[in-house]
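Report on one structure; see the data block that follows.
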Amino acid sequence: MIINKNISQASTLPGKFYSSNEYFDKSKKIFENTWQFIIDDFILKQKPSAFPFYYSENFIDEPLVLINNTNEEINCFSNVCTHRGNILVEKQCSLKSNLLCRYHGRKFSLNGKCTFMPKFEDVTDFPCKSDDLTKIPSSKWRQFIFSSLNPKYSLDVFLNEMQKRIGWMPIEEFKYSPTLSRDYHVKANWALYCDNYLEGFHIPFVHEDLSKHFKYDDYTVETFPFSSLQLGIGKSPENCFKLPKSSIDYGRNVLAYYFWVFPNMMFNFYPWGLSINIVKPISVNFTKVEFKSYVWDDSKLSKGAGSDLDKVEKEDEEIVELVQKGVASRYYDKGRFSPSMEQGVHHFHRLISKFI
């Protein structure tokens with residue numbers, strides 16, 4: 001499944017990638033070797049505290065736990081007791097001085113070390129390294145925490161270009177909004193949902209109201225090693241970013257920065273704040289998309305390109321679900337890319353090919 005690096009000669013991923021369980025299972029390798037958005041650090045402000053989660057629930061159900069210890073270090077560990085496999089932390093909680101397994105009383109320090117086990121006095125070489133909790137790679141960008149089971153590259157490599165471009169924003173001051181955050185369930189393959197996000201080609205055809213905001217001919221796509229940027233340019237300065245002179249985009253009417261981070265994360269920056277969309281595979285043709293909203297300026301929520309995300313999402317869902325049915329057709333194999341409009345999709349397909 002090789003994607004030609006020359007977009008004018010390349011063909012898309014085959015339809016079977018989106019419709020076969022074989023390729024869906026192979027996709028797990030992509031997620032195991034990259035990074036996943038977990039949570040923002042606000043949920044772990046109390047120290048010590050713990051936040052249990054599954055790495056990619058319903059897809060890669062690996063039980064993990066974030067621990068904020070007494071030194072305000074946030075680490076990630078396996079959430080499985082090394083004695084008989086019990087889940088250690090069952091819900092978000094504050095901690096005392098250790099983790100205690102409620103099955104047989106094994107204790108772990110907040111750094112994952114096994115410190116005590118009742119009735120183990122006669123066990124030789126106890127505790128040893130295998131009795132400790134496995135530490136899982138985790139990293140932080142601004143207030144956001146990420147984890148990976150087996151990262152091939154550091155988180156910085158994935159987020160570098162985004163930090164350079166929008167690092168001037170006071171992102172740590174953005175406030176999480178539960179009322180603007182929600183989950184969507186899409187009857188389509190996770191990668192197909194990403195394909196749709198990664199091009200503005202469809203905007204005038206699928207999003208009539210949204211397209212009114214954009215100067216379509218100035219809509220640009222930039223690709224980086226493990227991310228890409230779609231830059232939405234407005235027809236006038238109204239409802240656009242007030243950019244600092246230090247910004248590479250200073251003097252342009254930027255309505256939105258649409259950053260995609262491989263394989264399944266979308267960071268959408270608007271003058272009102274940030275919408276993070278995490279695309280979570282559930283089955284070969286069913287996907288959960290989590291929208292997490294962080295508000296910077298609530299006076300701008302009803303204005304511009306980011307004013308009605310729910311409507312845009314439902315329009316996207318409708319078309320993507322139709323495409324899911326189409327790519328499963330016996331008469332569909334592969335498509336071709338528009339060199340001027342589908343650079344982001346081509347880039348995504350090449351990364352999938354590389355990681356699988």
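Simple scheme: letters A, B, ... for chains in structure tokens order, numbers from 1 for residues in each chain, numbers from 1 for ligands in the order shown.
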Selection near Pro127 in chain A, 9 Å with only C-alpha atoms, sequence-local residues under 3 positions removed, as a PDB file with C-alpha atoms, in the first residue's frame:
```pdb
ATOM      1  CA  LYS A 113       7.312   1.349  42.909  1.00  0.00           C
ATOM      2  CA  CYS A 114       5.884  -1.685  44.682  1.00  0.00           C
ATOM      3  CA  THR A 115       6.449  -1.006  48.417  1.00  0.00           C
ATOM      4  CA  PHE A 116       4.418  -3.617  50.310  1.00  0.00           C
ATOM      5  CA  MET A 117       2.346  -6.773  49.990  1.00  0.00           C
ATOM      6  CA  VAL A 123       8.734 -14.642  48.847  1.00  0.00           C
ATOM      7  CA  THR A 124      12.335 -14.427  47.643  1.00  0.00           C
ATOM      8  CA  SER A 130       8.735  -6.703  37.676  1.00  0.00           C
ATOM      9  CA  ASP A 131       6.601  -5.888  40.730  1.00  0.00           C
ATOM     10  CA  ASP A 132       6.698  -2.163  39.899  1.00  0.00           C
TER      11      ASP A 132
END
```
Report task. Write out as an MDAnalysis selection string which residues come within 12 Å of Thr179 in chain A when counting only C-alpha atoms, dropping same-chain ones fewer than 4 positions away. Result -> chainID A and resid 175 183 291:295
Give me the range 33-149 of chain A side of the contact with range 276-287 of chain A, cut-off 8 Å, one line per residue showing its nearest atom pair and distance in Å at one decimal, counting only C-alpha atoms, sorted by chain and residue number, as CSV.
```
residue,atom,partner,partner_atom,distance
A:Phe37,CA,A:Ile278,CA,7.4
A:Ser56,CA,A:Lys280,CA,6.9
A:Glu57,CA,A:Ile282,CA,7.8
A:Asn58,CA,A:Ile282,CA,5.5
A:Phe59,CA,A:Ile282,CA,5.6
```
Query raised in the report: What lies within 8 Å of Tyr270 in chain A using only C-alpha atoms, ignoring chain neighbours under 3 positions off, as an NGL selection string?
Result: :A and (241 or 255-257 or 273-274 or 305-306)
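Using only C-alpha atoms, the shortest contact distance between Leu180 in chain A and any of A:Ser329, A:Ser227, A:Thr82, A:Ser302 is found at A:Ser302.
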Requested in this report: Pick out the residues sitting within 12 Å of Tyr332 in chain A, and hand them over as a list of chain:residue names; count only C-alpha atoms, and ignore anything fewer than 6 positions along from it in its own chain.
Outcome: A:Thr12, A:Leu13, A:Pro14, A:Gly15, A:Lys16, A:Phe17, A:Tyr18, A:Ser19, A:Val323, A:Gln324, A:Lys325, A:Gly326
Next, write the just-selected residues to a file, as a short mmCIF file (atom, residue, chain, number, x, y, z; two decimals), in the first residue's frame, keeping C-alpha atoms as the atom set.
```
data_model
loop_
_atom_site.label_atom_id
_atom_site.label_comp_id
_atom_site.auth_asym_id
_atom_site.auth_seq_id
_atom_site.Cartn_x
_atom_site.Cartn_y
_atom_site.Cartn_z
CA THR A 12 -5.56 7.45 -2.79
CA LEU A 13 -5.73 4.65 -0.28
CA PRO A 14 -7.79 1.74 -1.63
CA GLY A 15 -11.44 1.50 -0.65
CA LYS A 16 -10.72 -1.67 1.32
CA PHE A 17 -8.62 0.35 3.77
CA TYR A 18 -11.85 1.97 5.00
CA SER A 19 -14.07 -1.10 4.80
CA VAL A 323 -18.73 8.15 1.25
CA GLN A 324 -18.32 5.25 3.68
CA LYS A 325 -21.03 3.39 1.78
CA GLY A 326 -19.40 4.29 -1.52
#
```
Please produce, as CSV, a per-residue contact table for range 71-127 of chain A versus range 135-147 of chain A (criterion: any atom at most 7 Å away, only C-alpha atoms considered), showing the nearest atom pair and its distance in Å to one decimal, sorted by chain then residue number.
```
residue,atom,partner,partner_atom,distance
A:Asn75,CA,A:Ser138,CA,6.6
A:Cys76,CA,A:Ile136,CA,5.2
A:Phe77,CA,A:Lys135,CA,4.4
A:Ser78,CA,A:Lys135,CA,6.5
```
Requested in this report: Could you find all residues in range 41-96 of chain A that DSSP calls strand (DSSP E or B) from the backbone, and write them as an NGL selection string?
Outcome: :A and (49-56 or 60-68 or 74-78 or 80 or 87 or 93-94)
Query - Contact residues around Ser211 in chain A with only C-alpha atoms at 12 Å, ignoring same-chain residues under 2 positions, as a list in words - result: Gly200, Phe201, His202, Ile203, Pro204, Phe205, Val206, His207, Glu208, Asp209, His213, Phe214, Lys215, Tyr216, Asp217, Tyr219, Gly232, Ile233, Gly234, Lys235, Leu255, Gly304, Ala305, Gly306 and Val312 of chain A
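Checking A:Lys212, A:Met169, A:Tyr197, A:Met266 one by one against Pro244 in chain A, counting only C-alpha atoms, you find the shortest gap at A:Met169.
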Query raised in the report: Do you know which residues are at most 10 Å from Ser8 in chain A counting only C-alpha atoms, after dropping those on the same chain fewer than 6 positions away, and could you put them as a list in words?
Result: Arg336, Phe337, Ser338, Pro339 and Ser340 of chain A
Residue contacts of Leu159 in chain A (10 Å, only C-alpha atoms) excluding same-chain residues fewer than 5 positions away, as a short mmCIF file (atom, residue, chain, number, x, y, z; two decimals) with N, CA and C atoms, in the first residue's frame:
```
data_model
loop_
_atom_site.label_atom_id
_atom_site.label_comp_id
_atom_site.auth_asym_id
_atom_site.auth_seq_id
_atom_site.Cartn_x
_atom_site.Cartn_y
_atom_site.Cartn_z
N TRP A 141 2.15 19.55 26.30
CA TRP A 141 2.29 20.77 25.51
C TRP A 141 1.29 21.78 26.07
N SER A 154 9.39 11.97 19.42
CA SER A 154 8.95 12.75 20.57
C SER A 154 7.71 13.56 20.20
N LYS A 164 5.22 26.98 16.73
CA LYS A 164 5.87 28.10 16.05
C LYS A 164 4.83 29.09 15.50
N PHE A 224 3.74 19.43 7.07
CA PHE A 224 4.94 19.31 7.88
C PHE A 224 5.17 17.82 8.14
N PRO A 225 6.27 17.44 8.79
CA PRO A 225 6.55 16.00 8.95
C PRO A 225 5.37 15.18 9.48
N PHE A 226 4.72 15.62 10.57
CA PHE A 226 3.63 14.84 11.15
C PHE A 226 2.40 15.70 11.45
N SER A 227 2.24 16.76 10.69
CA SER A 227 1.08 17.63 10.88
C SER A 227 0.84 18.41 9.59
N PHE A 259 -5.20 23.13 12.41
CA PHE A 259 -4.03 22.26 12.52
C PHE A 259 -4.48 20.81 12.72
N TRP A 260 -3.94 19.93 11.91
CA TRP A 260 -4.17 18.49 12.08
C TRP A 260 -2.85 17.86 12.50
N VAL A 261 -2.92 16.97 13.50
CA VAL A 261 -1.73 16.28 14.01
C VAL A 261 -1.95 14.77 13.86
N PHE A 262 -1.05 14.12 13.17
CA PHE A 262 -1.15 12.70 12.89
C PHE A 262 -1.18 11.88 14.19
#
```
Query - Residues flagged helix (DSSP H, G or I) by DSSP in range 40-272 of chain A, as a count of residues only - result: 41
Report task. Would you work out the distance separating CA of Lys129 in chain A from CA of Leu44 in chain A, expressed in Å to one decimal? Result -> 27.1 Å
